[in-house]
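So this block is run02.cif, mmCIF, C-alpha atoms and all ligand atoms:
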```
data_input
loop_
_atom_site.label_atom_id
_atom_site.label_comp_id
_atom_site.auth_asym_id
_atom_site.auth_seq_id
_atom_site.Cartn_x
_atom_site.Cartn_y
_atom_site.Cartn_z
CA MET A 1 49.93 111.22 -70.80
CA ASP A 2 51.75 112.52 -73.82
CA ALA A 3 54.11 114.53 -71.63
CA ILE A 4 54.66 111.61 -69.24
CA ALA A 5 55.32 109.18 -72.09
CA ARG A 6 57.82 111.55 -73.68
CA ARG A 7 59.76 111.92 -70.43
CA ALA A 8 59.36 108.46 -68.88
CA GLY A 9 59.21 106.45 -72.11
CA THR A 10 56.89 103.59 -73.05
CA PRO A 11 55.51 101.13 -72.11
CA CYS A 12 54.52 103.02 -69.00
CA TYR A 13 52.04 102.32 -66.21
CA ILE A 14 50.34 105.47 -64.93
CA TYR A 15 48.35 105.49 -61.68
CA SER A 16 46.08 108.14 -60.20
CA ALA A 17 46.54 108.78 -56.48
CA ALA A 18 43.19 110.58 -56.29
CA GLY A 19 41.40 107.66 -57.95
CA ILE A 20 42.88 105.10 -55.57
CA LEU A 21 42.18 107.19 -52.47
CA SER A 22 38.59 107.94 -53.47
CA ARG A 23 37.85 104.23 -53.77
CA TYR A 24 39.54 103.44 -50.47
CA ARG A 25 37.40 106.13 -48.83
CA ALA A 26 34.27 104.77 -50.51
CA TYR A 27 34.93 101.44 -48.76
CA ASP A 28 35.92 102.89 -45.43
CA GLU A 29 33.10 105.43 -45.21
CA ALA A 30 30.36 103.00 -46.25
CA PHE A 31 31.00 100.99 -43.08
CA GLY A 32 30.02 104.03 -41.02
CA ALA A 33 30.31 103.33 -37.29
CA ALA A 34 30.35 99.52 -37.73
CA PRO A 35 33.55 97.88 -36.45
CA HIS A 36 35.56 97.14 -39.57
CA GLN A 37 38.92 97.16 -41.34
CA VAL A 38 39.68 97.40 -45.05
CA PHE A 39 42.73 95.35 -46.05
CA PHE A 40 44.09 96.16 -49.51
CA ALA A 41 45.00 92.93 -51.32
CA VAL A 42 48.63 93.76 -52.11
CA LYS A 43 48.77 91.26 -54.97
CA ALA A 44 46.67 93.62 -57.11
CA ASN A 45 49.27 96.39 -57.13
CA SER A 46 52.30 96.22 -54.90
CA ASN A 47 54.15 99.36 -55.90
CA LEU A 48 55.60 100.98 -52.77
CA ALA A 49 54.11 104.38 -53.58
CA VAL A 50 50.64 102.88 -53.95
CA LEU A 51 51.02 100.99 -50.68
CA ALA A 52 52.31 104.12 -48.91
CA LEU A 53 49.35 106.12 -50.15
CA LEU A 54 46.91 103.56 -48.78
CA ALA A 55 48.84 103.09 -45.53
CA LYS A 56 48.67 106.83 -44.90
CA ALA A 57 44.93 106.78 -45.51
CA GLY A 58 44.55 104.10 -42.81
CA ALA A 59 44.29 100.93 -44.89
CA GLY A 60 45.37 97.54 -43.69
CA PHE A 61 46.93 95.00 -46.05
CA ASP A 62 46.12 91.45 -47.11
CA ILE A 63 49.35 89.69 -48.02
CA VAL A 64 50.07 86.28 -49.51
CA SER A 65 53.84 86.08 -49.19
CA GLY A 66 56.84 87.24 -47.19
CA GLY A 67 57.71 89.43 -50.16
CA GLU A 68 54.42 91.28 -49.87
CA LEU A 69 54.97 91.76 -46.14
CA PHE A 70 58.43 93.20 -46.87
CA ARG A 71 56.86 95.68 -49.29
CA VAL A 72 54.15 96.72 -46.84
CA LEU A 73 56.70 97.36 -44.11
CA LYS A 74 58.98 99.29 -46.50
CA ALA A 75 56.00 101.42 -47.50
CA GLY A 76 55.29 102.33 -43.88
CA GLY A 77 52.31 100.01 -43.44
CA ASP A 78 51.28 99.12 -39.89
CA PRO A 79 52.02 95.42 -39.24
CA ALA A 80 49.16 95.37 -36.74
CA LYS A 81 46.87 95.89 -39.74
CA VAL A 82 48.23 93.04 -41.86
CA VAL A 83 46.50 89.71 -42.48
CA PHE A 84 48.39 86.85 -44.10
CA SER A 85 46.32 84.73 -46.51
CA GLY A 86 47.29 81.93 -48.89
CA VAL A 87 47.37 78.15 -49.15
CA GLY A 88 51.13 77.64 -49.04
CA LYS A 89 52.75 79.72 -46.33
CA THR A 90 56.30 78.53 -45.66
CA ALA A 91 57.90 78.31 -42.21
CA PRO A 92 60.29 81.24 -42.88
CA GLU A 93 57.36 83.36 -44.05
CA VAL A 94 55.35 82.54 -40.93
CA GLU A 95 58.35 83.34 -38.72
CA TYR A 96 58.86 86.67 -40.48
CA ALA A 97 55.18 87.51 -40.05
CA LEU A 98 55.23 86.61 -36.35
CA GLU A 99 58.41 88.63 -35.76
CA SER A 100 56.82 91.60 -37.52
CA GLY A 101 53.76 91.43 -35.30
CA ILE A 102 51.08 91.09 -37.95
CA ARG A 103 47.46 91.09 -36.90
CA GLY A 104 46.70 87.54 -37.95
CA PHE A 105 46.67 84.63 -40.34
CA ASN A 106 43.89 83.37 -42.58
CA CYS A 107 44.60 79.64 -42.49
CA GLU A 108 43.66 77.05 -45.04
CA SER A 109 44.48 73.71 -43.40
CA GLU A 110 44.97 72.03 -40.05
CA ALA A 111 48.60 71.37 -40.87
CA GLU A 112 49.12 75.09 -41.33
CA LEU A 113 47.53 75.82 -37.92
CA SER A 114 49.90 73.33 -36.39
CA LEU A 115 52.93 74.97 -38.03
CA ILE A 116 51.91 78.48 -36.92
CA ASP A 117 51.23 77.20 -33.40
CA SER A 118 54.68 75.68 -33.05
CA LEU A 119 56.49 78.68 -34.55
CA ALA A 120 54.52 81.05 -32.30
CA ALA A 121 55.52 78.92 -29.29
CA ARG A 122 59.16 79.25 -30.25
CA GLN A 123 58.83 83.05 -30.29
CA GLY A 124 56.83 83.04 -27.07
CA LYS A 125 53.88 84.64 -28.86
CA LYS A 126 50.23 83.98 -29.38
CA ALA A 127 49.18 84.09 -33.02
CA ARG A 128 45.72 85.24 -34.05
CA ALA A 129 44.12 83.20 -36.76
CA ALA A 130 40.96 82.65 -38.74
CA LEU A 131 40.06 79.59 -40.76
CA ARG A 132 39.27 80.17 -44.40
CA VAL A 133 36.11 78.31 -45.13
CA ASN A 134 35.06 77.31 -48.60
CA PRO A 135 31.38 78.22 -48.77
CA ASP A 136 30.84 76.34 -52.06
CA VAL A 137 29.27 79.32 -53.82
CA ASP A 138 29.62 79.88 -57.55
CA ALA A 139 31.19 83.29 -58.07
CA GLU A 140 30.04 83.29 -61.70
CA THR A 141 33.40 84.59 -62.90
CA HIS A 142 36.32 83.30 -64.99
CA PRO A 143 37.28 79.78 -63.79
CA TYR A 144 40.92 80.83 -63.22
CA ILE A 145 39.86 83.48 -60.72
CA SER A 146 37.01 81.60 -59.06
CA THR A 147 38.02 80.21 -55.68
CA GLY A 148 34.91 79.44 -53.62
CA LEU A 149 33.86 76.14 -55.17
CA ARG A 150 34.51 72.77 -53.60
CA GLU A 151 36.81 71.76 -56.46
CA ASN A 152 39.14 74.74 -55.88
CA LYS A 153 42.30 74.33 -53.79
CA PHE A 154 41.27 77.11 -51.41
CA GLY A 155 39.80 76.97 -47.94
CA ILE A 156 38.38 74.18 -45.80
CA ALA A 157 35.09 72.57 -46.78
CA MET A 158 32.05 73.76 -44.82
CA GLU A 159 31.31 70.18 -43.62
CA GLU A 160 34.75 69.81 -42.12
CA VAL A 161 35.44 73.22 -40.73
CA GLU A 162 33.59 72.93 -37.40
CA ALA A 163 35.53 69.81 -36.49
CA VAL A 164 38.75 71.65 -37.32
CA TYR A 165 37.80 74.54 -34.99
CA GLY A 166 37.08 71.97 -32.30
CA ARG A 167 40.38 70.15 -32.67
CA ALA A 168 42.26 73.47 -32.88
CA ARG A 169 41.56 74.08 -29.17
CA ARG A 170 44.63 71.96 -28.50
CA PHE A 171 46.87 74.62 -30.05
CA GLN A 172 48.03 76.60 -27.01
CA ASN A 173 49.68 79.38 -28.99
CA LEU A 174 46.83 80.20 -31.34
CA ILE A 175 43.88 82.48 -30.78
CA LEU A 176 41.46 81.15 -33.35
CA ASP A 177 38.82 83.86 -33.16
CA GLY A 178 37.83 84.51 -36.76
CA VAL A 179 36.32 83.10 -39.92
CA SER A 180 37.38 84.12 -43.41
CA CYS A 181 36.37 83.37 -46.96
CA HIS A 182 37.09 84.62 -50.47
CA ILE A 183 35.05 83.19 -53.31
CA GLY A 184 36.64 84.72 -56.37
CA SER A 185 37.52 87.86 -58.21
CA GLN A 186 35.90 90.23 -60.72
CA LEU A 187 32.34 89.61 -59.53
CA LEU A 188 29.99 91.90 -61.43
CA ASN A 189 27.11 90.74 -59.28
CA SER A 190 27.46 90.97 -55.51
CA SER A 191 24.79 88.34 -54.79
CA PRO A 192 27.23 85.39 -54.62
CA LEU A 193 29.26 87.40 -52.08
CA VAL A 194 26.15 87.99 -50.00
CA GLU A 195 25.22 84.32 -50.28
CA ALA A 196 28.71 83.37 -49.07
CA LEU A 197 28.33 85.84 -46.20
CA ASP A 198 25.02 84.28 -45.16
CA ARG A 199 26.56 80.82 -45.11
CA VAL A 200 29.50 82.05 -43.08
CA LEU A 201 27.21 83.88 -40.64
CA GLU A 202 25.32 80.64 -40.03
CA LEU A 203 28.65 78.96 -39.40
CA VAL A 204 29.60 81.70 -36.90
CA GLU A 205 26.40 81.06 -34.97
CA ARG A 206 27.07 77.30 -34.89
CA LEU A 207 30.66 77.85 -33.77
CA ARG A 208 29.57 80.23 -31.02
CA ALA A 209 26.93 77.77 -29.87
CA ALA A 210 29.69 75.18 -29.60
CA GLY A 211 31.73 77.51 -27.41
CA THR A 212 34.20 79.02 -29.89
CA ALA A 213 34.46 82.79 -29.46
CA ILE A 214 34.39 84.36 -32.91
CA GLY A 215 35.18 88.07 -33.04
CA HIS A 216 35.74 88.81 -36.71
CA LEU A 217 34.54 87.81 -40.13
CA ASP A 218 36.69 88.44 -43.21
CA LEU A 219 34.73 88.33 -46.46
CA GLY A 220 37.76 88.60 -48.74
CA GLY A 221 37.87 90.66 -51.91
CA GLY A 222 36.20 90.07 -55.21
CA LEU A 223 34.14 93.11 -56.16
CA GLY A 224 34.44 93.56 -59.92
CA VAL A 225 35.06 96.63 -62.06
CA PRO A 226 33.74 97.53 -65.51
CA TYR A 227 36.27 96.59 -68.19
CA GLU A 228 34.05 96.40 -71.27
CA PRO A 229 31.46 98.87 -72.46
CA GLY A 230 28.20 97.52 -71.02
CA ASP A 231 29.82 96.02 -67.91
CA GLU A 232 28.05 97.18 -64.80
CA ALA A 233 29.79 96.72 -61.48
CA PRO A 234 28.07 97.07 -58.12
CA SER A 235 28.97 100.32 -56.38
CA ILE A 236 31.38 99.93 -53.49
CA GLY A 237 29.06 101.84 -51.13
CA ALA A 238 25.98 99.79 -52.01
CA TYR A 239 27.87 96.52 -51.61
CA ILE A 240 29.31 97.42 -48.20
CA GLU A 241 25.96 98.70 -46.95
CA ARG A 242 24.36 95.44 -48.09
CA ILE A 243 26.80 93.31 -46.13
CA CYS A 244 26.85 95.60 -43.06
CA GLU A 245 23.09 95.29 -42.82
CA ARG A 246 23.42 91.51 -42.38
CA VAL A 247 26.27 91.65 -39.90
CA LYS A 248 25.08 94.42 -37.59
CA ASP A 249 24.36 93.70 -33.95
CA ARG A 250 26.16 90.38 -34.07
CA GLY A 251 29.26 91.55 -32.20
CA LEU A 252 31.46 90.89 -35.20
CA GLU A 253 34.20 93.01 -36.70
CA LEU A 254 33.74 92.93 -40.46
CA MET A 255 36.85 92.78 -42.64
CA VAL A 256 37.20 92.97 -46.42
CA GLU A 257 40.21 92.46 -48.68
CA PRO A 258 39.55 94.37 -51.90
CA GLY A 259 42.28 94.45 -54.52
CA ARG A 260 40.99 95.14 -57.99
CA SER A 261 38.14 97.48 -57.01
CA LEU A 262 40.59 99.80 -55.23
CA VAL A 263 43.13 100.19 -58.01
CA ALA A 264 42.07 98.78 -61.41
CA GLU A 265 40.30 101.86 -62.72
CA SER A 266 43.04 104.17 -61.48
CA GLY A 267 45.71 102.74 -63.78
CA LEU A 268 46.54 102.87 -67.47
CA LEU A 269 49.20 101.18 -69.53
CA VAL A 270 50.50 103.62 -72.14
CA THR A 271 52.23 102.15 -75.15
CA ARG A 272 53.53 103.50 -78.45
CA VAL A 273 52.63 102.15 -81.87
CA LEU A 274 55.68 100.68 -83.59
CA TYR A 275 54.27 99.36 -86.86
CA ARG A 276 51.12 98.71 -88.83
CA LYS A 277 50.92 95.62 -90.98
CA SER A 278 48.41 93.50 -92.79
CA ASN A 279 48.62 89.85 -93.78
CA GLY A 280 45.90 90.06 -96.38
CA THR A 281 42.98 89.15 -94.15
CA LYS A 282 44.05 90.71 -90.89
CA GLU A 283 45.27 94.08 -89.88
CA PHE A 284 47.75 94.43 -87.01
CA ILE A 285 48.84 97.30 -84.84
CA ILE A 286 52.18 96.36 -83.31
CA VAL A 287 52.91 98.27 -80.10
CA ASP A 288 55.85 98.36 -77.70
CA ALA A 289 53.90 96.76 -74.80
CA ALA A 290 53.40 93.01 -74.80
CA MET A 291 52.03 90.07 -72.84
CA ASN A 292 55.01 90.32 -70.51
CA ASP A 293 53.80 93.80 -69.51
CA LEU A 294 50.06 93.03 -69.30
CA VAL A 295 49.28 89.32 -69.39
CA ARG A 296 45.54 89.50 -68.64
CA PRO A 297 44.36 89.43 -72.29
CA SER A 298 46.54 86.37 -73.07
CA LEU A 299 45.87 84.55 -69.81
CA TYR A 300 42.17 85.19 -69.23
CA GLU A 301 41.06 86.55 -72.60
CA ALA A 302 40.49 89.70 -70.59
CA TYR A 303 39.21 92.85 -72.25
CA HIS A 304 41.00 96.16 -71.68
CA GLU A 305 39.58 99.19 -73.39
CA ILE A 306 41.96 100.76 -75.91
CA LEU A 307 42.01 104.53 -76.17
CA PRO A 308 44.02 106.88 -78.35
CA VAL A 309 46.00 109.30 -76.21
CA LYS A 310 45.17 112.00 -78.76
CA ARG A 311 41.70 111.89 -80.21
CA ASP A 312 41.46 112.80 -83.87
CA PRO A 313 38.03 111.92 -85.31
CA ARG A 314 39.29 112.54 -88.88
CA ARG A 315 41.51 109.48 -88.56
CA GLY A 316 38.55 107.11 -88.25
CA THR A 317 38.78 103.60 -86.86
CA ALA A 318 40.11 100.23 -87.95
CA LYS A 319 39.38 96.63 -86.98
CA VAL A 320 42.69 95.19 -85.84
CA ASP A 321 44.62 92.87 -83.58
CA VAL A 322 46.75 94.89 -81.19
CA VAL A 323 49.88 92.84 -80.59
CA GLY A 324 53.26 93.21 -78.93
CA PRO A 325 56.80 92.22 -79.87
CA VAL A 326 56.88 88.92 -77.92
CA CYS A 327 57.44 85.83 -80.05
CA GLU A 328 54.17 84.05 -79.29
CA SER A 329 50.88 84.04 -81.16
CA GLY A 330 49.32 84.36 -77.71
CA ASP A 331 50.94 87.77 -77.34
CA PHE A 332 48.06 90.15 -77.91
CA LEU A 333 46.42 93.02 -76.07
CA ALA A 334 43.22 92.93 -78.14
CA LEU A 335 41.83 90.75 -80.92
CA ASP A 336 39.51 91.84 -83.74
CA ARG A 337 38.91 95.15 -82.03
CA GLU A 338 37.57 98.31 -83.64
CA VAL A 339 40.05 100.92 -82.40
CA ALA A 340 41.20 104.40 -83.36
CA ASN A 341 43.19 104.22 -86.56
CA LEU A 342 46.55 104.82 -84.91
CA LEU A 343 49.78 105.10 -86.85
CA PRO A 344 53.42 104.44 -85.95
CA GLY A 345 54.55 106.90 -83.31
CA ASP A 346 51.06 107.41 -81.85
CA LEU A 347 50.32 106.66 -78.22
CA MET A 348 47.66 104.23 -77.11
CA ALA A 349 46.36 103.68 -73.58
CA LEU A 350 45.03 100.40 -72.22
CA ALA A 351 42.45 101.23 -69.59
CA THR A 352 41.66 99.60 -66.25
CA ALA A 353 45.22 98.34 -65.90
CA GLY A 354 45.91 99.43 -62.32
CA ALA A 355 45.17 95.96 -60.91
CA TYR A 356 46.96 92.74 -61.86
CA GLY A 357 48.93 94.68 -64.46
CA PHE A 358 52.52 95.47 -63.55
CA VAL A 359 52.44 92.92 -60.69
CA MET A 360 51.97 90.10 -63.21
CA ALA A 361 54.66 91.41 -65.56
CA SER A 362 57.65 89.25 -66.39
CA ASN A 363 60.95 89.54 -68.19
CA TYR A 364 59.96 87.04 -70.89
CA ASN A 365 61.92 87.57 -74.10
CA SER A 366 64.40 89.45 -71.88
CA ARG A 367 62.24 92.52 -71.91
CA PRO A 368 62.99 94.98 -69.09
CA ARG A 369 59.84 95.67 -67.09
CA ALA A 370 58.01 98.95 -67.65
CA VAL A 371 58.30 102.20 -65.71
CA GLU A 372 55.55 103.06 -63.20
CA VAL A 373 54.35 106.62 -62.64
CA LEU A 374 52.06 108.09 -59.99
CA VAL A 375 50.00 111.18 -60.72
CA GLU A 376 49.14 113.28 -57.67
CA GLY A 377 47.16 116.42 -58.32
CA ALA A 378 48.88 118.36 -61.09
CA SER A 379 52.23 116.63 -60.67
CA TRP A 380 53.60 113.20 -61.44
CA ARG A 381 56.65 111.19 -60.52
CA VAL A 382 58.33 107.95 -61.44
CA VAL A 383 57.63 105.45 -58.64
CA ARG A 384 59.54 102.59 -60.25
CA THR A 385 62.18 103.17 -62.85
CA ARG A 386 62.19 101.19 -66.05
CA GLU A 387 64.43 98.14 -65.69
CA THR A 388 67.84 98.31 -67.33
CA LEU A 389 69.72 95.61 -69.21
CA ASP A 390 71.84 95.09 -66.09
CA ASP A 391 68.66 94.48 -64.07
CA LEU A 392 67.89 91.63 -66.48
CA ILE A 393 70.98 89.63 -65.51
CA ARG A 394 71.19 90.55 -61.82
CA GLY A 395 72.20 87.49 -59.84
CA GLU A 396 73.20 85.46 -62.90
CA SER A 397 76.67 84.18 -63.71
CA VAL A 398 78.30 82.55 -66.70
N1 LIG B 1 41.76 88.04 -50.82
C1 LIG B 1 42.20 86.84 -51.27
C2 LIG B 1 42.40 85.75 -50.32
C3 LIG B 1 42.45 86.68 -52.64
O1 LIG B 1 42.87 85.50 -53.09
C4 LIG B 1 42.26 87.77 -53.54
C5 LIG B 1 42.54 87.64 -54.97
C6 LIG B 1 41.82 88.99 -53.00
C7 LIG B 1 41.57 89.09 -51.64
C8 LIG B 1 41.58 90.21 -53.86
O2 LIG B 1 40.56 90.00 -54.76
P1 LIG B 1 40.02 91.18 -55.69
O3 LIG B 1 39.33 92.19 -54.82
O4 LIG B 1 41.19 91.79 -56.39
O5 LIG B 1 39.09 90.53 -56.62
N2 LIG B 1 45.10 87.88 -61.56
C9 LIG B 1 43.66 87.81 -61.65
C10 LIG B 1 43.01 88.02 -60.30
C11 LIG B 1 43.43 87.02 -59.26
C12 LIG B 1 42.81 87.25 -57.90
C13 LIG B 1 43.40 86.35 -56.87
N3 LIG B 1 42.95 86.55 -55.52
C14 LIG B 1 43.19 88.83 -62.68
O6 LIG B 1 44.04 89.49 -63.29
O7 LIG B 1 41.99 88.97 -62.93
#
```
Output the file's structure as structure tokens, nothing else.
Ligand code: LLP
Amino acid sequence: MDAIARRAGTPCYIYSAAGILSRYRAYDEAFGAAPHQVFFAVKANSNLAVLALLAKAGAGFDIVSGGELFRVLKAGGDPAKVVFSGVGKTAPEVEYALESGIRGFNCESEAELSLIDSLAARQGKKARAALRVNPDVDAETHPYISTGLRENKFGIAMEEVEAVYGRARRFQNLILDGVSCHIGSQLLNSSPLVEALDRVLELVERLRAAGTAIGHLDLGGGLGVPYEPGDEAPSIGAYIERICERVKDRGLELMVEPGRSLVAESGLLVTRVLYRKSNGTKEFIIVDAAMNDLVRPSLYEAYHEILPVKRDPRRGTAKVDVVGPVCESGDFLALDREVANLLPGDLMALATAGAYGFVMASNYNSRPRAVEVLVEGASWRVVRTRETLDDLIRGESV
């Protein structure tokens, strides 16, 4: 990390190819011979090199925008293994997806089905679709990343969904042969996911009884990862085996859309200490990464472990706020945290930053976005260069 930071500069995201691939394989292999497909939720980390790595390993992709589809195609992803989720797909995005020949759409309203049907007709195609049902299960996670409750904007309510499947028979250009759901993210307990699965399986049986042929069930993403000491996340293998057990012999292809659990633990944000200061009661470590680089602490009060790049036990520890240069009191990476007593010039790593890290970065305070690096075996390479000042004003005029 020291060598990478010296050459690539800081702040710097560093990803491990081996880490990402081992988690993808843990998913894929746990399904065994059961019909399945793992779709990486591109929103978690959309760097082209990361997508290319997963595409080569056989992953499909869950996208939520035309931009994500563009990235997947640029990375060599197979459009036939792409599902398009999201509540607000626009007509141009749907057209682009149909032209690209994606596998299907996870739809969230009747109006959306109608739009896809008419655009598919115009292209002389049949679009495959699933309805995203809202199973009304509490994911027991942060309210901003919980999506499976009735009050959330996502999905179609369980009471209404069968009628929607019924009415959807009128859409001549849709093959509505699936059910999908996604109840939330960062679940440290897989039981709500299994409860959602059970509700959706009952729905599948009711739909089949009513004459709708359902061939696949997409359970979404959501499996959590340990961020804080003491966090215990379900193992990928155990979770998949648990859900496969319930789905087997039902003639259903099982699909999952993991994001975080594939990439979070395989990424670090490395930052350099700029200053130390104290205001009498509080001690601050000011670093060169900020909320624009990693917004999770500010936005969700998320915890990212802070590690010294060089361990020196003689230095001891200090209780500090780790803050960045952005002009907001909400700009912090950690509050009241006992961390290694780092001094200006030292490197610090924020752990578990491979998911929802760089992808949520912004240019706030006109800060160029960080460099991204991929480590593969003993070598590493820059997979996105640090933005320049010219990048900051691209497209603008006086
Ligand atoms: N599928 C759908 C339809 C989703 O909405 C999401 C995430 C996923 C799959 C992937 O979920 P995962 O396996 O990563 O939990 N920015 C937040 C997380 C937002 C998640 C949104 N949807 C964070 O930093 O915690």
In Å, how far is it from atom C1 of ligand LIG 1 (chain B) to atom CA of Asn134 of chain A?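 It comes out at 12.2 Å.
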Distance query segment 373-386 of chain A at most 8 Å, only C-alpha atoms, self and fewer than 6 positions along chain excluded, as number ranges by chain: A: 8, 12-18, 47-49
Contacts to ligand LIG 1 (chain B) at 6 Å cut-off (all atoms listed in the file) as a PyMOL selection string: chain A and resi 41+44+85+145+182+185-186+220-223+257-261+296+356
Sorted per-residue table, segment 191-255 of chain A near segment 299-305 of chain A, closest atoms and distance, 9 Å, all atoms listed in the file, as JSON lines:
```
{"residue": "A:Tyr227", "atom": "CA", "partner": "A:His304", "partner_atom": "CA", "distance": 5.9}
{"residue": "A:Glu228", "atom": "CA", "partner": "A:Tyr303", "partner_atom": "CA", "distance": 6.3}
{"residue": "A:Pro229", "atom": "CA", "partner": "A:Glu305", "partner_atom": "CA", "distance": 8.2}
```
Would you mind exporting the chosen residues as a PDB file, in the frame of the given file, restricted to C-alpha atoms?
```
ATOM      1  CA  TYR A 227      36.270  96.590 -68.190  1.00  0.00           C
ATOM      2  CA  GLU A 228      34.050  96.400 -71.270  1.00  0.00           C
ATOM      3  CA  PRO A 229      31.460  98.870 -72.460  1.00  0.00           C
TER       4      PRO A 229
END
```
In Å, with one decimal, what is the gap from atom CA of Met1 of chain A to atom CA of Ala351 of chain A?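 Pair atom CA of Met1 of chain A / atom CA of Ala351 of chain A returns 12.5 Å.
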Would you kindly return, as a PyMOL selection string, each protein, DNA or RNA residue with an atom no farther than 6 Å from any atom of segment 322-337 of chain A, considering only C-alpha atoms and excluding same-chain residues fewer than 5 positions away? chain A and resi 284-291+297-298
Segment 23-29 of chain A: which residues within 8 Å, counting all atoms listed in the file, same-chain residues fewer than 3 positions away excluded, as an MDAnalysis selection string? chainID A and resid 19:20 32 37:38 54 59 236:237 240 261:263
Non-local contacts of segment 345-349 of chain A (6 Å; all atoms listed in the file; under 6 positions in same chain excluded) as a ChimeraX atom specification: /A:269-273,306-309
Kindly give the distance, in Å, that separates atom CA of Gln172 of chain A and atom CA of Asp117 of chain A, rounded to a single decimal.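 Result for atom CA of Gln172 of chain A versus atom CA of Asp117 of chain A: 7.2 Å, one decimal.
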Which neighbours of Gly124 of chain A fall inside 12 Å, counting only C-alpha atoms, when residues of the same chain fewer than 2 positions from it are skipped, and could you give them as an mmCIF file with C-alpha atoms, in the frame of the given file?
```cif
data_model
loop_
_atom_site.group_PDB
_atom_site.id
_atom_site.type_symbol
_atom_site.label_atom_id
_atom_site.label_comp_id
_atom_site.auth_asym_id
_atom_site.auth_seq_id
_atom_site.Cartn_x
_atom_site.Cartn_y
_atom_site.Cartn_z
ATOM 1 C CA GLU A 95 58.350 83.340 -38.720
ATOM 2 C CA LEU A 98 55.230 86.610 -36.350
ATOM 3 C CA GLU A 99 58.410 88.630 -35.760
ATOM 4 C CA ILE A 116 51.910 78.480 -36.920
ATOM 5 C CA ASP A 117 51.230 77.200 -33.400
ATOM 6 C CA SER A 118 54.680 75.680 -33.050
ATOM 7 C CA LEU A 119 56.490 78.680 -34.550
ATOM 8 C CA ALA A 120 54.520 81.050 -32.300
ATOM 9 C CA ALA A 121 55.520 78.920 -29.290
ATOM 10 C CA ARG A 122 59.160 79.250 -30.250
ATOM 11 C CA LYS A 126 50.230 83.980 -29.380
ATOM 12 C CA ALA A 127 49.180 84.090 -33.020
ATOM 13 C CA GLN A 172 48.030 76.600 -27.010
ATOM 14 C CA ASN A 173 49.680 79.380 -28.990
ATOM 15 C CA LEU A 174 46.830 80.200 -31.340
#
```
Taking into account all atoms listed in the file, which residue in the set A:Gly155, A:Gly77, A:Gly316, A:Gly86 is nearest to Lys56 of chain A?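 Of the candidates, the smallest distance to Lys56 of chain A is held by A:Gly77.
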If I put a ball of radius 10 Å at (57.8, 92.3, -67.9) in the file's coordinates, which residues poke into it when counting all atoms listed in the file, written as a ChimeraX atom specification? /A:289-295,357-370,387
Counting all atoms listed in the file, the option among A:Ser114, A:Ser180, A:Thr90, A:Asn279 closest to Arg199 of chain A: A:Ser180
Residue nearest Leu203 of chain A among A:Phe171, A:Tyr96, A:Phe84, A:Tyr165 (counting only C-alpha atoms):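 That would be A:Tyr165, the residue with the smallest distance to Leu203 of chain A.
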